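Shown next: run-v9.tsv, given as TSV, C-alpha atoms.
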```
chain	number	residue	atom	x	y	z
A	210	MET	CA	-22.56	12.95	2.04
A	211	SER	CA	-25.08	11.02	0.01
A	212	PHE	CA	-24.90	7.77	1.96
A	213	PHE	CA	-26.69	9.50	4.85
A	214	GLY	CA	-29.90	10.14	2.98
A	215	GLY	CA	-32.19	11.74	5.55
A	216	ALA	CA	-32.24	14.40	8.18
A	217	PRO	CA	-30.33	13.96	11.44
A	218	SER	CA	-31.78	11.21	13.60
A	219	THR	CA	-32.31	11.32	17.32
A	220	ALA	CA	-33.24	7.63	17.34
A	221	GLY	CA	-36.34	8.49	19.31
A	222	THR	CA	-34.72	10.38	22.15
A	223	THR	CA	-32.04	12.86	23.13
A	224	ILE	CA	-28.87	11.99	24.95
A	225	GLY	CA	-29.57	12.15	28.66
A	226	ALA	CA	-33.36	12.11	28.24
A	227	THR	CA	-35.00	10.11	31.00
A	228	ASN	CA	-36.22	6.62	30.18
A	229	THR	CA	-39.80	6.32	31.39
A	230	ASN	CA	-39.19	2.72	32.48
A	231	ALA	CA	-36.31	3.57	34.81
A	232	ASN	CA	-34.35	6.40	36.28
A	233	GLU	CA	-31.47	5.75	33.93
A	234	PRO	CA	-31.09	8.06	30.92
A	235	LYS	CA	-31.69	6.32	27.63
A	236	ASP	CA	-28.76	5.80	25.28
A	237	VAL	CA	-29.06	7.24	21.78
A	238	GLU	CA	-28.75	5.18	18.60
A	239	VAL	CA	-26.59	6.63	15.83
A	240	SER	CA	-28.48	7.04	12.57
A	241	ASP	CA	-27.47	5.16	9.43
A	242	PRO	CA	-24.97	2.64	10.84
A	243	PRO	CA	-22.79	0.49	8.53
A	244	SER	CA	-24.46	-2.51	6.90
A	245	ASP	CA	-21.96	-5.05	8.30
A	246	SER	CA	-20.22	-5.69	11.62
A	247	ILE	CA	-18.39	-2.73	13.12
A	248	SER	CA	-14.69	-3.20	13.89
A	249	SER	CA	-13.56	0.08	15.42
A	250	LEU	CA	-14.61	3.49	16.78
A	251	ALA	CA	-12.61	6.68	17.34
A	252	PHE	CA	-13.61	10.22	18.32
A	253	SER	CA	-11.78	13.27	16.96
A	254	SER	CA	-9.56	15.18	19.39
A	255	ALA	CA	-10.74	18.53	18.00
A	256	GLY	CA	-14.49	18.25	17.43
A	257	GLU	CA	-17.49	16.03	17.97
A	258	TYR	CA	-16.77	13.69	15.07
A	259	LEU	CA	-16.96	9.90	15.36
A	260	ALA	CA	-15.12	7.65	12.87
A	261	VAL	CA	-16.48	4.11	12.42
A	262	GLY	CA	-14.71	1.27	10.61
A	263	SER	CA	-16.65	-1.77	9.46
A	264	TRP	CA	-16.44	-5.07	7.63
A	265	ASN	CA	-18.31	-3.69	4.61
A	266	ASN	CA	-15.04	-1.94	3.56
A	267	GLU	CA	-16.28	1.48	4.72
A	268	VAL	CA	-15.20	4.19	7.10
A	269	ARG	CA	-18.09	6.43	8.08
A	270	ILE	CA	-17.67	9.74	9.89
A	271	TYR	CA	-20.54	11.11	11.94
A	272	GLU	CA	-21.04	14.54	13.45
A	273	VAL	CA	-22.45	14.29	16.98
A	274	ASN	CA	-24.43	17.03	18.70
A	275	PRO	CA	-23.13	16.83	22.30
A	276	GLN	CA	-26.19	18.61	23.64
A	277	GLY	CA	-28.87	16.48	22.01
A	278	GLY	CA	-27.07	13.35	20.86
A	279	GLN	CA	-28.36	13.71	17.30
A	280	THR	CA	-26.00	12.38	14.67
A	281	GLN	CA	-25.56	13.27	11.04
A	282	GLY	CA	-23.39	11.73	8.36
A	283	LYS	CA	-20.35	13.87	7.60
A	284	ALA	CA	-18.35	11.72	5.19
A	285	MET	CA	-17.59	8.21	3.97
A	286	TYR	CA	-14.69	6.58	2.16
A	287	GLN	CA	-13.77	3.01	1.24
A	288	HIS	CA	-11.05	0.38	1.36
A	289	GLN	CA	-10.74	-2.61	-0.97
A	290	GLY	CA	-11.41	-4.94	1.97
A	291	PRO	CA	-12.83	-4.89	5.51
A	292	VAL	CA	-11.69	-1.98	7.69
A	293	LEU	CA	-10.06	-3.29	10.89
A	294	GLY	CA	-8.93	-0.14	12.72
A	295	VAL	CA	-9.37	3.66	12.74
A	296	CYS	CA	-7.70	6.61	14.48
A	297	TRP	CA	-7.34	10.40	14.10
A	298	ASN	CA	-4.32	12.65	13.75
A	299	LYS	CA	-3.42	15.04	16.58
A	300	GLU	CA	-5.33	17.96	15.04
A	301	GLY	CA	-8.46	15.82	14.76
A	302	ASN	CA	-9.09	16.77	11.13
A	303	LYS	CA	-7.82	13.62	9.38
A	304	VAL	CA	-8.95	10.00	9.83
A	305	ILE	CA	-6.50	7.13	9.30
A	306	SER	CA	-7.74	3.58	8.76
A	307	GLY	CA	-6.18	0.16	8.24
A	308	GLY	CA	-7.79	-2.71	6.41
A	309	ALA	CA	-7.72	-6.26	5.08
A	310	ASP	CA	-6.59	-4.79	1.73
A	311	ASN	CA	-3.12	-4.50	3.36
A	312	ALA	CA	-3.36	-0.70	3.13
A	313	ALA	CA	-3.79	2.28	5.43
A	314	ARG	CA	-5.70	5.25	4.09
A	315	MET	CA	-6.04	8.83	5.30
A	316	TYR	CA	-9.15	10.96	4.81
A	317	ASP	CA	-8.97	14.76	5.04
A	318	LEU	CA	-12.18	16.27	6.41
A	319	ALA	CA	-11.36	19.65	4.85
A	320	THR	CA	-10.81	18.44	1.26
A	321	GLY	CA	-13.02	15.34	1.27
A	322	GLN	CA	-10.18	13.33	-0.30
A	323	SER	CA	-8.69	10.01	0.81
A	324	SER	CA	-5.27	8.65	-0.12
A	325	GLN	CA	-3.19	5.58	0.67
A	326	VAL	CA	-0.48	6.31	3.26
A	327	ALA	CA	0.86	2.87	4.25
A	328	GLN	CA	1.27	-0.66	2.87
A	329	HIS	CA	1.91	-4.09	4.41
A	330	ASP	CA	2.16	-7.66	3.13
A	331	GLY	CA	-0.89	-8.64	5.20
A	332	PRO	CA	-4.02	-7.01	6.64
A	333	ILE	CA	-3.39	-3.93	8.80
A	334	LYS	CA	-5.13	-4.62	12.11
A	335	CYS	CA	-4.10	-1.49	14.06
A	336	VAL	CA	-3.35	2.14	13.28
A	337	ARG	CA	-2.18	4.68	15.86
A	338	TRP	CA	-1.07	8.29	15.58
A	339	ILE	CA	2.08	9.14	17.57
A	340	GLU	CA	2.74	12.78	18.35
A	341	THR	CA	6.49	13.05	19.01
A	342	PRO	CA	8.56	16.16	19.81
A	343	GLN	CA	9.81	15.91	16.21
A	344	GLY	CA	6.31	15.74	14.70
A	345	GLY	CA	3.50	13.33	13.93
A	346	ILE	CA	4.17	9.69	12.97
A	347	LEU	CA	1.75	6.93	11.95
A	348	ALA	CA	2.28	3.45	13.41
A	349	THR	CA	0.70	0.45	11.66
A	350	GLY	CA	0.53	-3.09	13.07
A	351	SER	CA	-0.20	-5.98	10.72
A	352	TRP	CA	-0.94	-9.66	10.49
A	353	ASP	CA	2.28	-9.88	8.44
A	354	LYS	CA	4.05	-9.81	11.87
A	355	THR	CA	5.53	-6.34	11.39
A	356	LEU	CA	5.13	-2.92	12.94
A	357	LYS	CA	5.89	0.04	10.68
A	358	TYR	CA	6.38	3.76	11.39
A	359	TRP	CA	5.48	6.26	8.67
A	360	ASP	CA	6.26	9.91	8.04
A	361	LEU	CA	3.29	10.73	5.81
A	362	ARG	CA	5.42	13.08	3.72
A	363	GLN	CA	7.41	10.06	2.52
A	364	PRO	CA	6.22	7.00	0.56
A	365	ASN	CA	8.33	4.44	2.46
A	366	PRO	CA	8.30	3.56	6.16
A	367	ILE	CA	10.85	5.19	8.46
A	368	THR	CA	11.40	1.89	10.26
A	369	THR	CA	10.02	-1.64	10.11
A	370	VAL	CA	10.06	-3.70	13.32
A	371	THR	CA	9.57	-7.49	13.28
A	372	LEU	CA	6.99	-8.69	15.78
A	373	PRO	CA	7.00	-12.17	17.35
A	374	GLU	CA	3.54	-12.88	15.90
A	375	ARG	CA	0.54	-11.26	14.15
A	376	CYS	CA	-0.51	-7.91	15.61
A	377	TYR	CA	-3.90	-8.17	17.32
A	378	SER	CA	-4.04	-4.92	19.30
A	379	MET	CA	-1.97	-1.78	19.81
A	380	ASP	CA	-2.22	1.41	21.85
A	381	VAL	CA	-0.15	4.54	22.38
A	382	VAL	CA	0.13	7.16	25.12
A	383	TYR	CA	3.43	8.86	24.33
A	384	PRO	CA	6.11	7.79	25.10
A	385	LEU	CA	4.54	4.37	25.84
A	386	MET	CA	3.34	2.02	23.12
A	387	VAL	CA	2.06	-1.50	23.81
A	388	VAL	CA	1.50	-4.17	21.14
A	389	GLY	CA	-0.42	-7.40	21.77
A	390	THR	CA	0.11	-10.22	19.27
A	391	ALA	CA	-1.01	-13.77	18.63
A	392	GLU	CA	0.36	-16.44	20.99
A	393	ARG	CA	-0.02	-13.99	23.93
A	394	HIS	CA	3.14	-11.94	23.29
A	395	ILE	CA	3.17	-8.40	24.67
A	396	GLN	CA	5.73	-5.90	23.36
A	397	ILE	CA	6.35	-2.65	25.24
A	398	TYR	CA	8.05	0.26	23.44
A	399	ASN	CA	9.56	3.47	24.73
A	400	LEU	CA	8.94	5.67	21.70
A	401	THR	CA	12.10	7.67	22.30
A	402	ASN	CA	13.69	4.48	20.88
A	403	PRO	CA	10.87	3.11	18.69
A	404	SER	CA	12.81	0.53	16.66
A	405	THR	CA	13.55	-1.76	19.63
A	406	ALA	CA	11.14	-3.19	22.18
A	407	TYR	CA	11.81	-1.86	25.68
A	408	ARG	CA	10.46	-5.11	27.06
A	409	THR	CA	8.99	-8.31	25.60
A	410	GLN	CA	6.87	-10.50	27.84
A	411	MET	CA	4.04	-13.00	27.81
A	412	SER	CA	0.55	-11.88	28.70
A	413	PRO	CA	-0.26	-12.58	32.37
A	414	LEU	CA	-3.56	-14.04	31.10
A	415	LYS	CA	-3.67	-17.66	30.00
A	416	PHE	CA	-5.74	-17.21	26.84
A	417	GLN	CA	-5.63	-15.28	23.57
A	418	THR	CA	-5.20	-11.50	23.80
A	419	ARG	CA	-8.07	-9.45	22.38
A	420	VAL	CA	-7.11	-5.93	23.41
A	421	VAL	CA	-4.41	-3.83	25.04
A	422	ALA	CA	-4.93	-0.24	26.26
A	423	CYS	CA	-2.35	2.15	27.74
A	424	PHE	CA	-2.97	4.01	31.00
A	425	PRO	CA	-3.37	7.77	30.40
A	426	SER	CA	-0.43	8.17	32.80
A	427	ALA	CA	1.74	6.15	30.34
A	428	ASP	CA	3.19	3.95	33.09
A	429	GLY	CA	1.21	0.77	32.40
A	430	TYR	CA	-1.50	-0.94	30.40
A	431	ALA	CA	-4.58	-3.13	30.62
A	432	VAL	CA	-4.93	-6.34	28.63
A	433	GLY	CA	-8.17	-8.23	27.95
A	434	SER	CA	-8.49	-11.85	26.79
A	435	ILE	CA	-11.07	-14.15	25.22
A	436	GLU	CA	-11.53	-15.75	28.65
A	437	GLY	CA	-13.47	-12.95	30.34
A	438	ARG	CA	-10.49	-11.62	32.23
A	439	VAL	CA	-8.55	-8.33	32.41
A	440	ALA	CA	-5.02	-7.74	33.73
A	441	ILE	CA	-3.69	-4.42	34.99
A	442	GLN	CA	0.06	-4.23	34.40
A	443	TYR	CA	2.67	-1.60	35.22
A	444	VAL	CA	5.74	-1.23	33.00
A	445	GLU	CA	8.42	-0.89	35.66
A	446	GLU	CA	9.33	-3.68	38.07
A	447	LYS	CA	9.19	-1.30	41.06
A	448	GLN	CA	5.40	-1.09	40.59
A	449	ALA	CA	4.89	-4.82	40.00
A	450	ASN	CA	3.19	-5.15	43.38
A	451	GLN	CA	0.32	-3.11	41.92
A	452	ASN	CA	-0.30	-5.61	39.09
A	453	PHE	CA	-3.50	-7.64	39.31
A	454	SER	CA	-6.11	-9.38	37.18
A	455	PHE	CA	-9.85	-9.83	37.56
A	456	LYS	CA	-12.73	-11.74	36.02
A	457	CYS	CA	-15.50	-9.97	34.10
A	458	HIS	CA	-18.02	-10.58	31.30
A	459	ARG	CA	-19.19	-13.90	32.70
A	460	LYS	CA	-22.64	-15.29	33.45
A	461	GLU	CA	-23.66	-17.92	35.97
A	462	GLN	CA	-25.83	-20.54	34.27
A	463	ALA	CA	-27.36	-21.75	37.51
A	464	PRO	CA	-27.19	-20.14	40.97
A	465	ASN	CA	-25.48	-23.02	42.77
A	466	ALA	CA	-24.01	-25.02	39.91
A	467	LYS	CA	-20.25	-25.47	40.00
A	468	ASP	CA	-18.32	-25.07	36.72
A	469	GLN	CA	-21.44	-23.77	34.99
A	470	THR	CA	-20.17	-20.24	34.28
A	471	LEU	CA	-20.48	-18.93	30.72
A	472	VAL	CA	-17.29	-17.08	29.81
A	473	TYR	CA	-17.21	-14.30	27.19
A	474	SER	CA	-14.46	-12.44	25.40
A	475	VAL	CA	-13.36	-8.96	26.51
A	476	ASN	CA	-13.53	-7.18	23.15
A	477	ASP	CA	-12.41	-3.67	24.01
A	478	ILE	CA	-10.91	-1.56	26.82
A	479	THR	CA	-11.04	2.24	26.71
A	480	PHE	CA	-9.63	4.70	29.25
A	481	HIS	CA	-11.48	7.88	30.21
A	482	PRO	CA	-9.50	10.91	28.94
A	483	VAL	CA	-9.99	12.97	32.13
A	484	HIS	CA	-10.39	10.63	35.10
A	485	GLY	CA	-8.28	7.64	34.02
A	486	THR	CA	-11.04	5.16	34.80
A	487	PHE	CA	-11.81	2.64	32.06
A	488	SER	CA	-14.49	0.64	30.30
A	489	THR	CA	-14.55	-3.01	29.32
A	490	SER	CA	-16.95	-4.42	26.74
A	491	GLY	CA	-17.67	-8.04	26.01
A	492	SER	CA	-19.31	-10.65	23.83
A	493	ASP	CA	-21.94	-10.98	26.57
A	494	GLY	CA	-23.39	-7.65	25.37
A	495	THR	CA	-22.43	-5.71	28.49
A	496	VAL	CA	-20.24	-2.71	29.28
A	497	ASN	CA	-18.65	-2.02	32.67
A	498	PHE	CA	-16.87	1.08	33.96
A	499	TRP	CA	-13.99	0.44	36.40
A	500	ASP	CA	-11.60	2.27	38.71
A	501	LYS	CA	-8.30	0.34	38.69
A	502	ASP	CA	-6.82	2.23	41.65
A	503	ALA	CA	-9.76	1.55	43.96
A	504	ARG	CA	-10.25	-1.88	42.27
A	505	THR	CA	-13.95	-1.10	41.99
A	506	ARG	CA	-16.67	-1.43	39.38
A	507	LEU	CA	-18.32	1.97	38.90
A	508	LYS	CA	-21.17	1.04	36.57
A	509	THR	CA	-22.71	-1.89	34.70
A	510	PHE	CA	-24.79	-1.20	31.59
A	511	ASP	CA	-27.99	-3.06	30.85
A	512	PRO	CA	-27.22	-5.94	28.46
A	513	SER	CA	-27.39	-5.17	24.73
A	514	PRO	CA	-28.96	-7.58	22.22
A	515	GLY	CA	-25.56	-8.59	20.86
A	516	PRO	CA	-21.81	-8.46	21.54
A	517	ILE	CA	-20.18	-5.08	22.21
A	518	VAL	CA	-17.29	-5.06	19.74
A	519	ALA	CA	-15.80	-1.55	20.05
A	520	THR	CA	-15.97	1.46	22.39
A	521	ALA	CA	-14.71	5.06	22.56
A	522	PHE	CA	-14.93	8.12	24.80
A	523	ASN	CA	-15.09	11.54	23.19
A	524	ARG	CA	-12.32	14.09	23.91
A	525	THR	CA	-14.00	15.51	27.03
A	526	GLY	CA	-15.20	12.14	28.31
A	527	ASN	CA	-18.87	13.10	28.56
A	528	ILE	CA	-20.00	10.86	25.67
A	529	PHE	CA	-19.27	7.13	25.48
A	530	ALA	CA	-19.88	5.33	22.17
A	531	TYR	CA	-20.28	1.57	21.92
A	532	ALA	CA	-20.95	-0.66	18.92
A	533	VAL	CA	-23.30	-3.66	19.03
A	534	SER	CA	-22.39	-6.13	16.29
A	535	TYR	CA	-21.83	-9.80	15.69
A	536	ASP	CA	-18.19	-10.65	16.56
A	537	TRP	CA	-18.13	-14.18	15.09
A	538	SER	CA	-17.48	-15.64	18.54
A	539	LYS	CA	-19.98	-18.41	17.74
A	540	GLY	CA	-18.81	-18.93	14.14
A	541	HIS	CA	-21.07	-18.68	11.10
A	542	THR	CA	-23.99	-20.32	12.91
A	543	GLY	CA	-24.23	-17.29	15.20
A	544	MET	CA	-24.71	-14.89	12.28
A	545	THR	CA	-28.47	-14.95	12.29
A	546	THR	CA	-30.76	-12.86	10.12
A	547	GLY	CA	-31.61	-9.59	11.77
A	548	HIS	CA	-28.62	-9.60	14.14
A	549	PRO	CA	-28.31	-6.07	15.56
A	550	ASN	CA	-25.68	-3.80	14.06
A	551	LYS	CA	-25.74	-0.41	15.69
A	552	ILE	CA	-23.75	2.30	17.47
A	553	MET	CA	-25.05	3.72	20.74
A	554	LEU	CA	-24.14	6.97	22.53
A	555	HIS	CA	-24.23	7.15	26.32
A	556	ALA	CA	-24.19	10.43	28.27
A	557	CYS	CA	-21.65	9.88	31.05
A	558	LYS	CA	-22.54	11.05	34.52
A	559	GLU	CA	-19.71	12.24	36.74
A	560	GLU	CA	-20.30	9.51	39.34
A	561	GLU	CA	-20.04	6.81	36.62
A	562	VAL	CA	-16.55	7.79	35.50
A	563	LYS	CA	-14.92	9.61	38.43
A	564	LYS	CA	-12.40	7.74	40.59
A	565	ARG	CA	-13.39	6.54	44.01
A	566	ALA	CA	-11.26	7.03	47.10
A	567	ALA	CA	-8.41	4.55	46.86
A	568	ARG	CA	-8.33	1.55	49.17
A	569	LYS	CA	-6.07	1.90	52.20
```
Serialized structure, structure tokens:
Amino acid sequence: MSFFGGAPSTAGTTIGATNTNANEPKDVEVSDPPSDSISSLAFSSAGEYLAVGSWNNEVRIYEVNPQGGQTQGKAMYQHQGPVLGVCWNKEGNKVISGGADNAARMYDLATGQSSQVAQHDGPIKCVRWIETPQGGILATGSWDKTLKYWDLRQPNPITTVTLPERCYSMDVVYPLMVVGTAERHIQIYNLTNPSTAYRTQMSPLKFQTRVVACFPSADGYAVGSIEGRVAIQYVEEKQANQNFSFKCHRKEQAPNAKDQTLVYSVNDITFHPVHGTFSTSGSDGTVNFWDKDARTRLKTFDPSPGPIVATAFNRTGNIFAYAVSYDWSKGHTGMTTGHPNKIMLHACKEEEVKKRAARK
């Protein structure tokens, strides 16, 4: 569309091209990023399309060449307020987004039309597509402290569930859905009975929840907090001995100084679609790949020039997208002129994302 004025950009390189300064391949910058901070990223399940939500009220959809890493604008549509979350339907041909205008909208790639599909009394922070045996359902989580399920053929929600607090993060791997809210509440749903929480518990982490992400195996979830810490949690009590937490996204101010560690928020957690390993990204500008079963870090990215606010793997897991934007972790004083606002694409090597042999 017209908002992507020029030809496809390679941002100076191709994905996987060797960086002359190191042996590491150089990550590719997506052309024509949004003009304000990026809130969310999601790859299509059917093609190499990347949806990007941002605080300038826009959702942009990019087509990614998996061989070269070049990107080209495919489409754009708008909300009446900042876009806070994006996802795709099962077929990967429609984008759903939630925003601070209290609405969720759906964009059809085939027709180029967007329409409102959900409404709340407060900003919609999270949108997730649920593919059930009975068909596709949209789940929306809001700051109005409700969770709603929508059949998009009907104007009203199927069910509205009251949450203990504002919805901050939500993830689904059917039949598991996990919702993280303000005040550290975690709600676990078995989607065969979606109107009642299967379990309600407090986050095992002591500080505010930033993100929850379901295991691909649908038997547990990871939760990240503002205090540079991640917890791995299994749903059933019989696996509770496998629960653990670990520190990450921290910097030592001085080599031998006690209590001088700088602690950063864990902004996003994304699981690899094939191997079940996962990424964490933080306000320190770094990304790590982890293997929860071997309790091992697989890779650390070179620091970016700003916080990493959102991440996504493509459907095959060979491309990893991450957004560098200001996350307001330092308030308005941190929003300096020229702060980077960009989306990067990383070509994943097998050894970066494949599980290690589990510890005995």
Mind running segment 523-559 of chain A against segment 476-493 of chain A at 10 Å and telling me each contacting residue's nearest atom pair with the distance in Å (one decimal), counting only C-alpha atoms, chain and number ascending, as JSON lines?
```
{"residue": "A:Asn523", "atom": "CA", "partner": "A:Pro482", "partner_atom": "CA", "distance": 8.0}
{"residue": "A:Arg524", "atom": "CA", "partner": "A:Pro482", "partner_atom": "CA", "distance": 6.6}
{"residue": "A:Thr525", "atom": "CA", "partner": "A:Pro482", "partner_atom": "CA", "distance": 6.7}
{"residue": "A:Gly526", "atom": "CA", "partner": "A:Pro482", "partner_atom": "CA", "distance": 5.9}
{"residue": "A:Asn527", "atom": "CA", "partner": "A:His481", "partner_atom": "CA", "distance": 9.2}
{"residue": "A:Phe529", "atom": "CA", "partner": "A:His481", "partner_atom": "CA", "distance": 9.1}
{"residue": "A:Tyr531", "atom": "CA", "partner": "A:Ser490", "partner_atom": "CA", "distance": 8.4}
{"residue": "A:Ala532", "atom": "CA", "partner": "A:Ser490", "partner_atom": "CA", "distance": 9.6}
{"residue": "A:Val533", "atom": "CA", "partner": "A:Ser492", "partner_atom": "CA", "distance": 9.4}
{"residue": "A:Ser534", "atom": "CA", "partner": "A:Ser492", "partner_atom": "CA", "distance": 9.3}
{"residue": "A:Tyr535", "atom": "CA", "partner": "A:Ser492", "partner_atom": "CA", "distance": 8.6}
{"residue": "A:Asp536", "atom": "CA", "partner": "A:Ser492", "partner_atom": "CA", "distance": 7.4}
{"residue": "A:Trp537", "atom": "CA", "partner": "A:Ser492", "partner_atom": "CA", "distance": 9.5}
{"residue": "A:Ser538", "atom": "CA", "partner": "A:Ser492", "partner_atom": "CA", "distance": 7.5}
{"residue": "A:Lys539", "atom": "CA", "partner": "A:Ser492", "partner_atom": "CA", "distance": 9.9}
{"residue": "A:Glu559", "atom": "CA", "partner": "A:His484", "partner_atom": "CA", "distance": 9.6}
```
re atom CA of Lys558 of chain A and atom CA of Glu238 of chain A: distance 18.1 Å
Go ahead and compute the interatomic distance for atom CA of Gly547 of chain A and atom CA of Gly494 of chain A, in Å to one decimal.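 About the pair atom CA of Gly547 of chain A and atom CA of Gly494 of chain A: they are 16.0 Å apart.
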Nearest residue to Ser253 of chain A out of A:Gln289, A:Asn266, A:Asn298, A:Thr520, using all atoms listed in the file?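 For Ser253 of chain A, the nearest of the candidates is A:Asn298.
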Spatial neighbours of Leu250 of chain A, max dist 10 Å, all atoms listed in the file, sep filter under 6 positions, as JSON, numbers by chain: {"A": [259, 260, 261, 262, 263, 268, 269, 270, 294, 295, 296, 518, 519, 520, 521, 522, 530, 531, 532, 552]}
Quick check, in Å to one decimal: how far apart do atom CA of Val421 of chain A and atom CA of Pro275 of chain A lie? 28.0 Å
Selection as an MDAnalysis selection string: residues within 6 Å of (-27.7, -10.7, 19.7), counting only C-alpha atoms: chainID A and resid 514:515 548
Give me the residues within 8 Å of Thr409 of chain A as a tab-separated table (two decimals) with C-alpha atoms, in the coordinates of the input, counting all atoms listed in the file and dropping any in the same chain fewer than 5 places off.
```
chain	number	residue	atom	x	y	z
A	394	HIS	CA	3.14	-11.94	23.29
A	395	ILE	CA	3.17	-8.40	24.67
A	396	GLN	CA	5.73	-5.90	23.36
A	397	ILE	CA	6.35	-2.65	25.24
```
Quick one: residues within 7 Å of segment 399-405 of chain A, all atoms listed in the file counted, chain neighbours fewer than 5 positions away excluded, as a ChimeraX atom specification? /A:368,370,383-386
So that I can see what lies close to Ser434 of chain A, please list as a ChimeraX atom specification the residues with an atom at most 10 Å from it, counting only C-alpha atoms and leaving out residues fewer than 4 positions away in the same chain. /A:393,412-421,438-440,473-477,491
Neighbourhood query: residues within 8 Å of (-1.4, 2.8, 19.8), file coordinates, counting all atoms listed in the file; return as a list in words.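 Applying the cut-off with all atoms listed in the file, one gets Cys335, Val336, Arg337, Trp338, Ile339, Ala348, Met379, Asp380, Val381, Val382, Met386, Val387, Val388 and Ala422 of chain A.
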Selection to disk with C-alpha atoms, as a PDB file, in the frame of the given file:
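Dumped everything to again02.pdb:
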```
ATOM      1  CA  CYS A 335      -4.100  -1.490  14.060  1.00  0.00           C
ATOM      2  CA  VAL A 336      -3.350   2.140  13.280  1.00  0.00           C
ATOM      3  CA  ARG A 337      -2.180   4.680  15.860  1.00  0.00           C
ATOM      4  CA  TRP A 338      -1.070   8.290  15.580  1.00  0.00           C
ATOM      5  CA  ILE A 339       2.080   9.140  17.570  1.00  0.00           C
ATOM      6  CA  ALA A 348       2.280   3.450  13.410  1.00  0.00           C
ATOM      7  CA  MET A 379      -1.970  -1.780  19.810  1.00  0.00           C
ATOM      8  CA  ASP A 380      -2.220   1.410  21.850  1.00  0.00           C
ATOM      9  CA  VAL A 381      -0.150   4.540  22.380  1.00  0.00           C
ATOM     10  CA  VAL A 382       0.130   7.160  25.120  1.00  0.00           C
ATOM     11  CA  MET A 386       3.340   2.020  23.120  1.00  0.00           C
ATOM     12  CA  VAL A 387       2.060  -1.500  23.810  1.00  0.00           C
ATOM     13  CA  VAL A 388       1.500  -4.170  21.140  1.00  0.00           C
ATOM     14  CA  ALA A 422      -4.930  -0.240  26.260  1.00  0.00           C
TER      15      ALA A 422
END
```
Long-range neighbours of Gln281 of chain A as a ChimeraX atom specification, 7 Å cut-off, only C-alpha atoms, 2 positions minimum in chain: /A:217,271-273,279,283
Go through A:Glu461, A:Met553, A:Pro516, A:Ala566 one by one, measure the shortest atom-to-atom distance of each to Asp502 of chain A using all atoms listed in the file, and give the residue with the smallest value.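 Answer, going by the shortest atom-to-atom distance: A:Ala566.
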Compare A:Val239, A:Asn550, A:Ala255, A:Val496 by their minimum atom-to-atom distance to Gly277 of chain A, counting only C-alpha atoms, and give me the closest one. A:Val239
